[in-house]
>>> print(open('input.cif').read())   # mmCIF, C-alpha atoms and all ligand atoms
data_coords
loop_
_atom_site.label_atom_id
_atom_site.label_comp_id
_atom_site.auth_asym_id
_atom_site.auth_seq_id
_atom_site.Cartn_x
_atom_site.Cartn_y
_atom_site.Cartn_z
CA MET A 1 0.00 0.00 0.00
CA LYS A 2 1.18 3.48 -0.80
CA ILE A 3 -0.05 6.82 0.49
CA LEU A 4 0.78 10.39 -0.46
CA CYS A 5 1.46 12.39 2.68
CA GLU A 6 3.65 14.93 4.40
CA VAL A 7 6.35 13.54 6.65
CA GLN A 8 8.77 15.07 9.09
CA VAL A 9 11.59 12.79 10.29
CA LEU A 10 12.81 13.18 13.86
CA ASN A 11 15.85 11.42 15.28
CA ARG A 12 15.05 10.40 18.86
CA THR A 13 18.70 10.13 19.92
CA THR A 14 19.85 13.53 18.74
CA GLN A 15 16.38 15.15 18.77
CA ALA A 16 17.43 16.63 15.45
CA ASN A 17 14.96 16.90 12.63
CA ARG A 18 16.31 15.22 9.56
CA THR A 19 13.78 17.27 7.63
CA PRO A 20 13.28 20.74 9.13
CA ARG A 21 9.61 20.80 8.11
CA PRO A 22 7.11 18.29 6.77
CA VAL A 23 7.86 17.45 3.13
CA LYS A 24 5.63 15.92 0.48
CA SER A 25 6.39 12.21 0.60
CA THR A 26 5.21 8.77 -0.38
CA LEU A 27 4.99 6.15 2.33
CA ALA A 28 4.84 2.50 1.20
CA ILE A 29 4.46 -0.76 3.08
CA GLY A 30 4.79 -4.31 1.77
CA TYR A 31 6.80 -7.53 1.76
CA LYS A 32 10.22 -7.94 0.35
CA GLN A 33 11.06 -11.43 -0.93
CA SER A 34 14.50 -12.47 0.28
CA ALA A 35 16.85 -14.76 -1.67
CA ARG A 36 16.52 -18.54 -1.15
CA ASP A 37 18.56 -19.87 1.77
CA SER A 38 20.55 -23.15 1.80
CA ASN A 39 17.32 -25.14 2.40
CA GLY A 40 15.69 -23.53 -0.60
CA ASN A 41 13.25 -21.49 1.51
CA THR A 42 12.48 -17.83 0.97
CA LYS A 43 11.66 -15.42 3.75
CA LYS A 44 9.31 -12.52 3.41
CA GLU A 45 10.51 -9.37 5.09
CA LEU A 46 7.97 -6.63 5.92
CA GLU A 47 9.31 -3.18 5.07
CA MET A 48 8.22 0.40 5.06
CA VAL A 49 9.75 2.85 2.55
CA LEU A 50 9.73 6.63 2.77
CA PHE A 51 10.20 8.49 -0.52
CA THR A 52 10.96 12.22 -0.25
CA PRO A 53 12.10 14.74 -2.87
CA GLN A 54 15.51 14.66 -1.10
CA VAL A 55 15.79 10.85 -0.99
CA LYS A 56 14.18 9.77 -4.23
CA ALA A 57 15.37 6.15 -3.94
CA GLY A 58 13.60 5.91 -0.60
CA THR A 59 14.65 5.27 3.00
CA ARG A 60 13.89 1.66 4.03
CA TYR A 61 12.73 0.65 7.51
CA LYS A 62 12.30 -2.93 8.73
CA VAL A 63 8.93 -3.41 10.42
CA ARG A 64 9.08 -6.78 12.24
CA ASP A 65 10.46 -6.38 15.75
CA ASN A 66 11.54 -2.89 14.84
CA ILE A 67 8.54 -0.72 15.76
CA HIS A 68 9.28 1.52 18.73
CA CYS A 69 5.91 3.21 18.93
CA VAL A 70 2.78 4.08 16.93
CA HIS A 71 0.81 7.15 18.02
CA THR A 72 -2.66 7.22 16.54
CA LYS A 73 -4.48 9.57 18.89
CA PHE A 74 -4.93 12.23 16.20
CA VAL A 75 -5.57 9.90 13.29
CA LEU A 76 -8.96 11.47 12.68
CA ASP A 77 -7.18 14.80 12.22
CA GLY A 78 -4.94 13.10 9.67
CA LYS A 79 -1.91 12.90 11.97
CA ALA A 80 0.06 9.93 13.28
CA THR A 81 3.59 9.05 14.37
CA ILE A 82 5.43 5.82 13.65
CA GLY A 83 8.71 5.30 15.53
CA PHE A 84 11.35 2.72 14.62
CA LYS A 85 13.98 1.15 16.84
CA GLN A 86 16.68 1.03 14.17
CA PRO A 87 17.34 3.74 13.15
CA ALA A 88 15.92 5.58 16.16
CA GLU A 89 13.67 7.74 14.04
CA ASN A 90 10.09 8.92 14.34
CA LEU A 91 8.04 9.66 11.23
CA LEU A 92 5.57 12.44 11.92
CA ILE A 93 2.90 11.85 9.28
CA LYS A 94 0.22 14.20 7.99
CA CYS A 95 -2.23 12.74 5.53
CA ASP A 96 -5.83 12.42 4.48
CA PRO A 97 -7.45 10.77 7.59
CA ILE A 98 -9.12 7.90 5.68
CA GLN A 99 -5.93 7.00 3.84
CA LEU A 100 -3.92 7.27 7.03
CA LYS A 101 -6.32 4.99 8.91
CA GLY A 102 -6.10 2.42 6.10
CA PHE A 103 -2.32 2.59 6.19
CA LEU A 104 -2.14 2.07 9.96
CA GLN A 105 -4.55 -0.89 9.75
CA THR A 106 -2.36 -2.43 7.07
CA LEU A 107 0.68 -1.90 9.29
CA LYS A 108 -1.16 -3.65 12.17
CA LEU A 109 -2.04 -6.64 9.98
CA GLY A 110 1.53 -6.86 8.83
CA MET A 111 2.88 -6.75 12.36
CA GLU A 112 0.50 -9.58 13.30
CA GLY A 113 1.97 -11.61 10.45
CA LYS A 114 -1.27 -11.65 8.49
CA ASP A 115 -1.52 -11.55 4.75
CA ALA A 116 -3.57 -8.63 3.53
CA ILE A 117 -4.31 -7.47 -0.02
CA ASN A 118 -2.84 -4.14 0.88
CA LEU A 119 0.47 -5.85 1.67
CA ARG A 120 0.81 -7.53 -1.73
CA LEU A 121 3.00 -4.75 -2.99
CA ASN A 122 6.42 -5.70 -4.22
CA ILE A 123 8.24 -3.34 -1.91
CA ALA A 124 11.59 -4.20 -3.50
CA ASN A 125 11.02 -2.13 -6.60
CA THR A 126 8.15 0.16 -5.74
CA THR A 127 8.46 3.87 -6.47
CA ALA A 128 7.05 7.16 -5.19
CA ILE A 129 3.57 8.27 -6.24
CA PRO A 130 4.08 10.96 -8.90
CA GLN A 131 3.19 14.30 -7.39
CA LYS A 132 0.99 16.69 -9.24
CA SER A 133 3.32 18.81 -11.34
CA GLN A 134 3.63 22.54 -10.78
CA PRO A 135 1.29 24.64 -12.93
CA GLN A 136 3.02 25.56 -16.18
CA LEU A 137 3.74 29.27 -16.36
CA ARG A 138 5.88 29.60 -19.49
CA MET A 139 5.80 28.09 -22.94
CA THR A 140 8.08 28.63 -25.93
CA ILE A 141 7.25 27.33 -29.39
CA ASN A 142 9.98 27.57 -32.01
CA LYS A 143 8.73 24.89 -34.41
CA ARG A 144 5.33 24.16 -35.88
CA SER A 145 5.53 20.64 -34.45
CA GLU A 146 5.73 22.11 -30.94
CA TYR A 147 2.34 23.84 -31.26
CA PRO A 148 0.10 22.18 -28.65
CA ILE A 149 -2.66 20.17 -30.32
CA LYS A 150 -4.63 19.78 -27.11
CA GLY A 151 -4.54 23.51 -26.36
CA PHE A 152 -2.52 25.76 -24.08
CA PRO A 153 -2.26 25.33 -20.30
CA ARG A 154 -4.67 27.81 -18.72
CA THR A 155 -1.99 28.77 -16.21
CA LEU A 156 0.45 30.32 -18.72
CA LYS A 157 1.88 33.71 -17.82
CA SER A 158 4.33 33.90 -20.68
CA LEU A 159 3.91 32.57 -24.20
CA THR A 160 6.43 32.77 -27.05
CA ILE A 161 5.57 31.56 -30.56
CA ARG A 162 8.35 32.66 -32.89
CA ASN A 163 9.15 32.13 -36.54
CA ILE A 164 6.62 29.41 -37.30
CA GLN A 165 4.76 31.16 -40.17
CA LEU A 166 1.71 31.68 -37.97
CA VAL A 167 -0.99 33.48 -40.02
CA LYS A 168 -3.65 33.74 -37.34
CA LEU A 169 -3.54 34.31 -33.61
CA SER A 170 -5.98 31.77 -32.22
CA PHE A 171 -8.95 32.87 -30.14
CA GLU A 172 -7.82 30.45 -27.46
CA ILE A 173 -4.70 32.53 -26.79
CA CYS A 174 -6.97 35.53 -26.18
CA THR A 175 -8.67 33.59 -23.38
CA LEU A 176 -5.49 32.85 -21.37
CA ARG A 177 -6.44 35.17 -18.54
CA ASN A 178 -3.12 34.89 -16.70
CA LEU A 179 -1.01 35.84 -19.70
CA THR A 180 1.17 38.91 -19.15
CA THR A 181 3.86 38.37 -21.78
CA LEU A 182 3.17 37.43 -25.37
CA ASP A 183 5.82 37.21 -28.07
CA VAL A 184 4.65 36.25 -31.56
CA SER A 185 7.52 37.84 -33.49
CA GLY A 186 8.59 36.62 -36.89
CA ASN A 187 5.28 35.28 -38.13
CA LYS A 188 2.82 36.24 -40.84
CA LEU A 189 0.09 37.89 -38.80
CA THR A 190 -1.98 40.52 -40.63
CA LYS A 191 -4.57 40.97 -37.89
CA ILE A 192 -4.76 40.76 -34.10
CA PRO A 193 -8.12 39.61 -32.69
CA THR A 194 -10.06 42.31 -30.82
CA GLU A 195 -10.32 39.91 -27.86
CA LEU A 196 -6.58 40.25 -27.18
CA GLY A 197 -7.40 43.68 -25.74
CA ARG A 198 -9.10 41.91 -22.85
CA LEU A 199 -5.85 40.41 -21.57
CA PRO A 200 -3.76 42.12 -18.88
CA LEU A 201 -0.59 41.99 -21.00
CA THR A 202 2.41 44.00 -19.88
CA THR A 203 4.73 42.97 -22.72
CA LEU A 204 3.67 42.37 -26.30
CA HIS A 205 6.13 41.60 -29.07
CA LEU A 206 4.67 41.64 -32.58
CA SER A 207 7.76 42.52 -34.58
CA ASP A 208 8.36 41.09 -38.06
CA ASN A 209 4.73 40.43 -38.98
CA ALA A 210 2.47 42.07 -41.57
CA LEU A 211 0.09 44.16 -39.44
CA GLY A 212 0.44 47.11 -41.83
CA GLU A 213 -1.43 45.15 -44.48
CA LEU A 214 -4.91 45.41 -42.96
CA ASN A 215 -4.20 48.16 -40.42
CA ASP A 216 -6.87 46.87 -38.04
CA TRP A 217 -6.18 48.30 -34.58
CA CYS A 218 -9.46 47.58 -32.75
CA TRP A 219 -7.61 45.36 -30.28
CA LEU A 220 -5.68 48.38 -28.99
CA ARG A 221 -8.91 49.79 -27.57
CA GLY A 222 -9.39 46.91 -25.12
CA SER A 223 -9.67 48.36 -21.61
CA LYS A 224 -7.51 45.69 -19.92
CA LEU A 225 -4.67 46.10 -22.38
CA ARG A 226 -4.82 49.89 -22.18
CA GLU A 227 -4.37 49.70 -18.44
CA SER A 228 -1.54 47.18 -18.44
CA LEU A 229 0.68 47.36 -21.51
CA VAL A 230 4.18 48.63 -20.71
CA GLU A 231 6.21 47.37 -23.64
CA LEU A 232 5.09 47.12 -27.24
CA ASP A 233 7.18 46.05 -30.21
CA LEU A 234 5.62 46.72 -33.61
CA SER A 235 8.88 46.93 -35.53
CA ASP A 236 9.12 45.57 -39.06
CA ASN A 237 5.41 45.41 -39.85
CA GLY A 238 5.13 47.61 -42.95
CA LEU A 239 3.15 50.28 -41.08
CA SER A 240 2.52 53.33 -43.27
CA TYR A 241 1.08 55.44 -40.45
CA PHE A 242 1.20 55.66 -36.67
CA PRO A 243 -1.90 53.79 -35.40
CA PRO A 244 -3.93 56.54 -33.64
CA ALA A 245 -5.11 54.21 -30.86
CA LEU A 246 -1.49 53.73 -29.74
CA VAL A 247 -1.53 57.04 -27.88
CA ARG A 248 -4.25 55.67 -25.58
CA LEU A 249 -1.83 53.11 -24.12
CA GLU A 250 -1.01 55.49 -21.31
CA ARG A 251 1.13 53.00 -19.34
CA LEU A 252 3.50 52.44 -22.22
CA VAL A 253 7.19 52.81 -21.30
CA THR A 254 8.83 51.28 -24.36
CA LEU A 255 7.55 51.57 -27.91
CA ASN A 256 9.43 50.06 -30.82
CA LEU A 257 8.37 51.11 -34.34
CA ASN A 258 11.71 50.52 -36.08
CA HIS A 259 11.76 49.39 -39.71
CA ASN A 260 8.36 50.63 -40.86
CA ASN A 261 7.23 53.25 -43.38
CA LEU A 262 6.07 56.03 -41.05
CA SER A 263 6.32 59.50 -42.58
CA HIS A 264 5.29 61.38 -39.45
CA LEU A 265 4.42 60.97 -35.78
CA PRO A 266 1.19 62.50 -34.48
CA PHE A 267 1.04 65.45 -32.08
CA ALA A 268 -1.17 63.23 -29.94
CA ILE A 269 1.94 61.26 -28.98
CA ARG A 270 2.25 63.68 -26.08
CA ARG A 271 -0.44 61.62 -24.37
CA LEU A 272 2.18 58.90 -23.74
CA GLN A 273 3.48 60.58 -20.61
CA LYS A 274 5.08 57.41 -19.20
CA LEU A 275 7.04 56.68 -22.37
CA ARG A 276 10.81 56.45 -21.77
CA SER A 277 12.10 54.71 -24.92
CA LEU A 278 10.87 55.49 -28.40
CA HIS A 279 12.41 53.63 -31.31
CA VAL A 280 11.52 54.92 -34.79
CA SER A 281 14.72 54.18 -36.67
CA SER A 282 14.66 53.19 -40.35
CA ASN A 283 11.33 54.79 -41.21
CA LYS A 284 10.48 57.61 -43.62
CA LEU A 285 10.08 60.44 -41.13
CA GLU A 286 10.50 63.87 -42.71
CA SER A 287 10.10 65.75 -39.44
CA LEU A 288 9.09 65.30 -35.81
CA PRO A 289 6.06 66.86 -34.12
CA ALA A 290 6.92 69.63 -31.65
CA ALA A 291 4.99 67.48 -29.15
CA ILE A 292 8.11 65.34 -28.80
CA GLU A 293 9.31 68.04 -26.37
CA ASP A 294 6.33 67.37 -24.10
CA LEU A 295 7.39 63.76 -23.56
CA HIS A 296 9.79 62.55 -20.89
CA ILE A 297 11.82 60.24 -23.07
CA ASP A 298 15.25 59.04 -22.02
CA LEU A 299 15.99 57.37 -25.32
CA LEU A 300 14.91 58.50 -28.78
CA ASP A 301 16.18 56.57 -31.77
CA VAL A 302 15.39 58.22 -35.12
CA TRP A 303 18.39 56.94 -37.02
CA GLY A 304 17.94 56.26 -40.73
CA ASN A 305 14.96 58.49 -41.63
CA CYS A 306 14.33 61.05 -44.41
CA PHE A 307 14.45 64.31 -42.45
CA LYS A 308 14.02 67.34 -44.69
CA GLY A 309 15.26 70.90 -44.31
CA PHE A 310 13.57 74.14 -43.25
CA ASN A 311 10.23 74.61 -44.99
CA MET A 312 10.22 78.22 -46.12
CA GLU A 313 6.98 77.87 -48.05
CA ALA A 314 5.05 76.83 -44.96
CA ALA A 315 6.49 79.71 -42.95
CA ARG A 316 5.61 82.25 -45.68
CA THR A 317 1.99 81.09 -46.04
CA GLN A 318 1.44 81.01 -42.31
CA VAL A 319 2.82 84.49 -41.77
CA GLN A 320 0.53 85.79 -44.52
CA ARG A 321 -2.50 83.83 -43.33
CA LEU A 322 -2.24 84.87 -39.70
CA ALA A 323 -1.56 88.50 -40.63
CA ALA A 324 -4.73 88.55 -42.72
CA GLY A 325 -7.17 87.95 -39.92
CA HIS A 326 -7.85 86.74 -36.45
CA THR A 327 -10.84 84.65 -35.44
CA PRO A 328 -11.60 84.14 -31.75
CA ALA A 329 -11.26 80.58 -30.46
CA PRO A 330 -14.60 78.75 -30.02
CA LEU A 331 -15.92 78.39 -26.47
CA TRP A 332 -15.20 74.65 -26.17
CA LEU A 333 -11.58 75.23 -27.14
CA GLN A 334 -11.33 78.04 -24.60
CA ALA A 335 -12.74 75.71 -21.92
CA ALA A 336 -10.24 72.99 -22.80
CA ARG A 337 -7.43 75.56 -22.73
CA ILE A 338 -8.38 76.61 -19.18
CA VAL A 339 -8.41 73.00 -17.94
CA ALA A 340 -5.05 72.32 -19.61
CA SER A 341 -3.25 75.51 -18.62
CA HIS A 342 -4.35 75.30 -14.97
CA LYS A 343 -3.66 71.56 -14.91
CA LEU A 344 -7.14 70.99 -13.45
CA PRO A 345 -7.82 67.36 -12.56
CA PHE A 346 -10.28 65.58 -14.83
CA SER A 347 -11.50 62.06 -15.44
CA GLU A 348 -13.94 60.19 -17.63
CA SER A 349 -16.66 60.82 -15.06
CA THR A 350 -16.20 64.60 -14.98
CA LEU A 351 -15.52 65.46 -18.63
CA PRO A 352 -16.95 64.24 -21.92
CA ALA A 353 -14.59 61.91 -23.80
CA ILE A 354 -14.27 64.36 -26.68
CA LEU A 355 -12.89 67.06 -24.35
CA ILE A 356 -10.52 64.60 -22.68
CA GLU A 357 -9.26 63.66 -26.11
CA LEU A 358 -8.79 67.31 -27.00
CA ILE A 359 -6.94 68.11 -23.77
CA SER A 360 -4.66 65.07 -23.93
CA GLU A 361 -4.05 64.81 -27.64
CA ALA A 362 -4.61 68.08 -29.51
CA PRO A 363 -1.47 69.88 -30.67
CA LYS A 364 -0.10 72.68 -28.55
CA CYS A 365 1.26 75.96 -29.82
CA LEU A 366 4.88 76.74 -28.96
CA CYS A 367 3.46 79.15 -26.36
CA GLY A 368 1.77 76.19 -24.66
CA LYS A 369 -1.81 76.99 -25.72
CA LEU A 370 -3.98 74.11 -26.90
CA CYS A 371 -4.85 74.33 -30.58
CA TYR A 372 -7.21 72.48 -32.80
CA ALA A 373 -5.96 71.58 -36.22
CA LEU A 374 -8.99 71.89 -38.48
CA GLU A 375 -7.08 71.58 -41.69
CA SER A 376 -3.63 70.42 -42.59
CA ARG A 377 -2.71 74.04 -43.46
CA ASP A 378 -2.92 74.77 -39.72
CA LEU A 379 0.05 72.51 -39.24
CA LEU A 380 3.37 74.07 -40.12
CA LYS A 381 5.69 71.45 -41.39
CA ARG A 382 9.37 71.75 -40.52
CA VAL A 383 9.67 75.32 -39.31
CA THR A 384 11.50 74.99 -35.97
CA GLN A 385 14.29 72.91 -34.58
CA PRO A 386 13.45 70.85 -31.55
CA LYS A 387 15.63 71.39 -28.48
CA PHE A 388 15.25 67.81 -27.23
CA THR A 389 15.49 69.16 -23.69
CA ASN A 390 14.20 66.05 -21.92
CA ILE A 391 15.88 63.47 -24.10
CA LYS A 392 19.01 61.94 -22.61
CA ASN A 393 20.00 59.67 -25.44
CA LEU A 394 19.33 60.71 -29.03
CA THR A 395 20.36 58.59 -32.00
CA TYR A 396 20.06 60.14 -35.47
CA SER A 397 21.99 60.42 -38.70
CA ARG A 398 24.04 63.59 -38.31
CA GLU A 399 23.97 64.53 -41.98
CA HIS A 400 20.34 65.61 -41.46
CA GLN A 401 19.11 68.49 -39.34
CA ILE A 402 15.85 67.58 -37.66
CA TYR A 403 13.06 70.12 -38.03
CA SER A 404 9.80 69.86 -36.21
CA ASP A 405 6.20 70.55 -37.16
CA ILE A 406 4.38 73.16 -35.14
CA ILE A 407 1.06 74.90 -34.91
CA ILE A 408 0.58 78.55 -34.00
CA CYS A 409 -2.44 79.66 -31.97
CA GLY A 410 -2.92 83.12 -33.50
CA SER A 411 -1.41 86.35 -34.79
CA ASN A 412 -1.08 87.80 -31.31
CA CYS A 413 1.03 84.87 -30.09
CA CYS A 414 4.70 85.36 -29.27
CA ALA A 415 5.54 82.33 -31.41
CA TYR A 416 4.00 84.08 -34.41
CA GLN A 417 6.14 87.15 -33.81
CA GLN A 418 9.23 84.94 -33.63
CA LEU A 419 8.30 83.14 -36.80
CA LYS A 420 7.69 86.45 -38.57
CA GLY A 421 11.10 87.66 -37.43
CA LEU A 422 12.79 84.47 -38.56
CA PHE A 423 10.99 84.56 -41.89
CA ASN A 424 11.98 88.19 -42.47
CA ILE A 425 15.61 87.32 -41.77
CA LEU A 426 15.47 84.48 -44.22
CA ILE A 427 13.92 86.41 -47.10
CA SER A 428 15.88 89.62 -46.61
ZN ZN B 1 0.60 80.45 -29.19
#
>>> encode(input="input.cif", output="structure tokens")
Amino acid sequence: MKILCEVQVLNRTTQANRTPRPVKSTLAIGYKQSARDSNGNTKKELEMVLFTPQVKAGTRYKVRDNIHCVHTKFVLDGKATIGFKQPAENLLIKCDPIQLKGFLQTLKLGMEGKDAINLRLNIANTTAIPQKSQPQLRMTINKRSEYPIKGFPRTLKSLTIRNIQLVKLSFEICTLRNLTTLDVSGNKLTKIPTELGRLPLTTLHLSDNALGELNDWCWLRGSKLRESLVELDLSDNGLSYFPPALVRLERLVTLNLNHNNLSHLPFAIRRLQKLRSLHVSSNKLESLPAAIEDLHIDLLDVWGNCFKGFNMEAARTQVQRLAAGHTPAPLWLQAARIVASHKLPFSESTLPAILIELISEAPKCLCGKLCYALESRDLLKRVTQPKFTNIKNLTYSREHQIYSDIIICGSNCCAYQQLKGLFNILIS
């Protein structure tokens, strides 16, 4: 008979615990057939074996004439002690009460020399009961043949499926509620299921796929993902524009957009206030939005882009346009400006979503005033040079000056006066 239990071994002579605390063990009892003696008789020897994770082969104890004591007072609580004479050790057993009772009865029968079904175990080569394995937390699939046919363990926290030509992310993956890290780089994904947005992912690696083909970003709007995602890798996906929903991932610290076809970054990027690393190398950027100055980035990598020089045409038209007339800002814009400039607290319960969007994402004039770009002519492409005040580590190709896009709030703004001055210098 074998039982799964917890055992603590105590040496009665030294009073030392061989195991400092109860450990998961298997306790077995049965007869061991001895070799034939000179008369051709075999003797059966009753033995008990204790298997622990430390002693996998088992510690053997003789039972006949070797039992020092058996304490069964707390057997109904699932506790008992069996003491042996040689070695002078006590086994302090914790176990399911019914199993323990059965085991002690079997021991009693054995001691009385009776033959019981429970004793017909070949104790000589018995082994420990396999313990329930630990829940699987990580899985890495590098070959198609490794893809689990019977599904993924529900306990997974981290899943990597790389370079196996995966064309579809299965719905099942989107139901792994414990998943925090997902890496599906180097596949052929064109679409991410909306349901992925319901997972509390902190790290998501999607590099070297084809998400720019369909440009479906619904999954980015998932509330769980928006609240949890810290690291996102969308490099090498053929993206032709910056997915607008990306700026709603307000927890994002690292964003990798290397090796795509982006020609500009949106002003709304200033919403990513936690962002510390922004990788946009090897794209087609012609300029950067002035909003890059509002971020708190430590590392900006814009190496290998197509930055263009000062845009005199844009400056000329803007100076003329703003000089021609001045229209007062609409009331809703004025309200948003007040909230923004006074840094008033707001939340989704106190302000309509459209105003929150305006306050967090709309471009700001160089003077700090919120603007609202109604038409693309409001945006001045490449007319100032960013100072990169907050950026600690900037990587760019030095043969190109980087100019940034700005917006100017009106003809009575100091930024307009500066621009006019600069423009006059340039044309004189
Ligand atoms: Zn202004």
>>> atom_distance(input="input.cif", atom1="CA of Val302 (chain A)", atom2="CA of Ile359 (chain A)")
26.9 Å
>>> residues_near_ligand(input="input.cif", ligand="ligand ZN 1 (chain B)", cutoff="12 Å", atoms="only C-alpha atoms and all ligand atoms", output="ChimeraX atom specification")
/A:322,329,337,363-372,406-419
>>> write_last_selection(input="input.cif", atoms="C-alpha atoms", output="JSON list (two decimals), in the frame of the given file")
[["chain", "number", "residue", "atom", "x", "y", "z"],
["A", 322, "LEU", "CA", -2.24, 84.87, -39.70],
["A", 329, "ALA", "CA", -11.26, 80.58, -30.46],
["A", 337, "ARG", "CA", -7.43, 75.56, -22.73],
["A", 363, "PRO", "CA", -1.47, 69.88, -30.67],
["A", 364, "LYS", "CA", -0.10, 72.68, -28.55],
["A", 365, "CYS", "CA", 1.26, 75.96, -29.82],
["A", 366, "LEU", "CA", 4.88, 76.74, -28.96],
["A", 367, "CYS", "CA", 3.46, 79.15, -26.36],
["A", 368, "GLY", "CA", 1.77, 76.19, -24.66],
["A", 369, "LYS", "CA", -1.81, 76.99, -25.72],
["A", 370, "LEU", "CA", -3.98, 74.11, -26.90],
["A", 371, "CYS", "CA", -4.85, 74.33, -30.58],
["A", 372, "TYR", "CA", -7.21, 72.48, -32.80],
["A", 406, "ILE", "CA", 4.38, 73.16, -35.14],
["A", 407, "ILE", "CA", 1.06, 74.90, -34.91],
["A", 408, "ILE", "CA", 0.58, 78.55, -34.00],
["A", 409, "CYS", "CA", -2.44, 79.66, -31.97],
["A", 410, "GLY", "CA", -2.92, 83.12, -33.50],
["A", 411, "SER", "CA", -1.41, 86.35, -34.79],
["A", 412, "ASN", "CA", -1.08, 87.80, -31.31],
["A", 413, "CYS", "CA", 1.03, 84.87, -30.09],
["A", 414, "CYS", "CA", 4.70, 85.36, -29.27],
["A", 415, "ALA", "CA", 5.54, 82.33, -31.41],
["A", 416, "TYR", "CA", 4.00, 84.08, -34.41],
["A", 417, "GLN", "CA", 6.14, 87.15, -33.81],
["A", 418, "GLN", "CA", 9.23, 84.94, -33.63],
["A", 419, "LEU", "CA", 8.30, 83.14, -36.80]]
>>> atom_distance(input="input.cif", atom1="CA of Arg316 (chain A)", atom2="CA of Ala290 (chain A)")
18.9 Å
>>> atom_distance(input="input.cif", atom1="CA of Leu246 (chain A)", atom2="CA of Ile269 (chain A)")
8.3 Å
>>> closest_residue(input="input.cif", among="A:Leu182, A:Gln15, A:Leu351, A:Cys5", to="Ile98 (chain A)", atoms="only C-alpha atoms")
A:Cys5
>>> residues_around(input="input.cif", residues="region 19-30 of chain A", least_positions_apart="3", cutoff="8 Å", atoms="all atoms listed in the file", output="short mmCIF file (atom, residue, chain, number, x, y, z; two decimals) with C-alpha atoms, keeping the file's coordinate frame")
data_model
loop_
_atom_site.label_atom_id
_atom_site.label_comp_id
_atom_site.auth_asym_id
_atom_site.auth_seq_id
_atom_site.Cartn_x
_atom_site.Cartn_y
_atom_site.Cartn_z
CA MET A 1 0.00 0.00 0.00
CA LYS A 2 1.18 3.48 -0.80
CA ILE A 3 -0.05 6.82 0.49
CA LEU A 4 0.78 10.39 -0.46
CA CYS A 5 1.46 12.39 2.68
CA GLU A 6 3.65 14.93 4.40
CA VAL A 7 6.35 13.54 6.65
CA GLN A 8 8.77 15.07 9.09
CA VAL A 9 11.59 12.79 10.29
CA LEU A 10 12.81 13.18 13.86
CA LEU A 46 7.97 -6.63 5.92
CA GLU A 47 9.31 -3.18 5.07
CA MET A 48 8.22 0.40 5.06
CA VAL A 49 9.75 2.85 2.55
CA LEU A 50 9.73 6.63 2.77
CA PHE A 51 10.20 8.49 -0.52
CA THR A 52 10.96 12.22 -0.25
CA PRO A 53 12.10 14.74 -2.87
CA LEU A 92 5.57 12.44 11.92
CA LEU A 107 0.68 -1.90 9.29
CA ASN A 118 -2.84 -4.14 0.88
CA LEU A 119 0.47 -5.85 1.67
CA ARG A 120 0.81 -7.53 -1.73
CA LEU A 121 3.00 -4.75 -2.99
CA ASN A 122 6.42 -5.70 -4.22
CA ILE A 123 8.24 -3.34 -1.91
CA ALA A 128 7.05 7.16 -5.19
CA ILE A 129 3.57 8.27 -6.24
#
>>> closest_residue(input="input.cif", among="A:Thr194, A:Thr175, A:Asn311, A:Asn261", to="Gly222 (chain A)", atoms="only C-alpha atoms")
A:Thr194
>>> closest_residue(input="input.cif", among="A:Arg321, A:Lys94, A:His279, A:Lys150", to="Asp301 (chain A)", atoms="only C-alpha atoms")
A:His279
>>> closest_residue(input="input.cif", among="A:Thr350, A:Thr59, A:Thr181, A:Gln105", to="Thr72 (chain A)", atoms="only C-alpha atoms")
A:Gln105
>>> closest_residue(input="input.cif", among="A:Asn258, A:Asn90, A:Asn237, A:Asn393", to="Asn11 (chain A)", atoms="all atoms listed in the file")
A:Asn90
>>> residues_around(input="input.cif", residues="Leu262 (chain A)", least_positions_apart="5", cutoff="10 Å", atoms="only C-alpha atoms", output="ChimeraX atom specification")
/A:238-242,257,280-286,305
>>> residues_near_point(input="input.cif", point="(1.3, 35.2, -15.4)", cutoff="6 Å", atoms="only C-alpha atoms", output="list in words")
Leu156, Lys157, Asn178, Leu179 and Thr180 of chain A
>>> residues_around(input="input.cif", residues="Gly83 (chain A)", least_positions_apart="5", cutoff="9 Å", atoms="all atoms listed in the file", output="list in words")
Arg12, Asn66, Ile67, His68, Cys69, Val70, His71, Ala88, Glu89, Asn90, Leu91 and Leu92 of chain A
>>> write_last_selection(input="input.cif", atoms="C-alpha atoms", output="PDB file, keeping the file's coordinate frame")
ATOM      1  CA  ARG A  12      15.050  10.400  18.860  1.00  0.00           C
ATOM      2  CA  ASN A  66      11.540  -2.890  14.840  1.00  0.00           C
ATOM      3  CA  ILE A  67       8.540  -0.720  15.760  1.00  0.00           C
ATOM      4  CA  HIS A  68       9.280   1.520  18.730  1.00  0.00           C
ATOM      5  CA  CYS A  69       5.910   3.210  18.930  1.00  0.00           C
ATOM      6  CA  VAL A  70       2.780   4.080  16.930  1.00  0.00           C
ATOM      7  CA  HIS A  71       0.810   7.150  18.020  1.00  0.00           C
ATOM      8  CA  ALA A  88      15.920   5.580  16.160  1.00  0.00           C
ATOM      9  CA  GLU A  89      13.670   7.740  14.040  1.00  0.00           C
ATOM     10  CA  ASN A  90      10.090   8.920  14.340  1.00  0.00           C
ATOM     11  CA  LEU A  91       8.040   9.660  11.230  1.00  0.00           C
ATOM     12  CA  LEU A  92       5.570  12.440  11.920  1.00  0.00           C
TER      13      LEU A  92
END
>>> residues_around(input="input.cif", residues="Arg144 (chain A)", least_positions_apart="3", cutoff="8 Å", atoms="all atoms listed in the file", output="PyMOL selection string")
chain A and resi 141+147+164
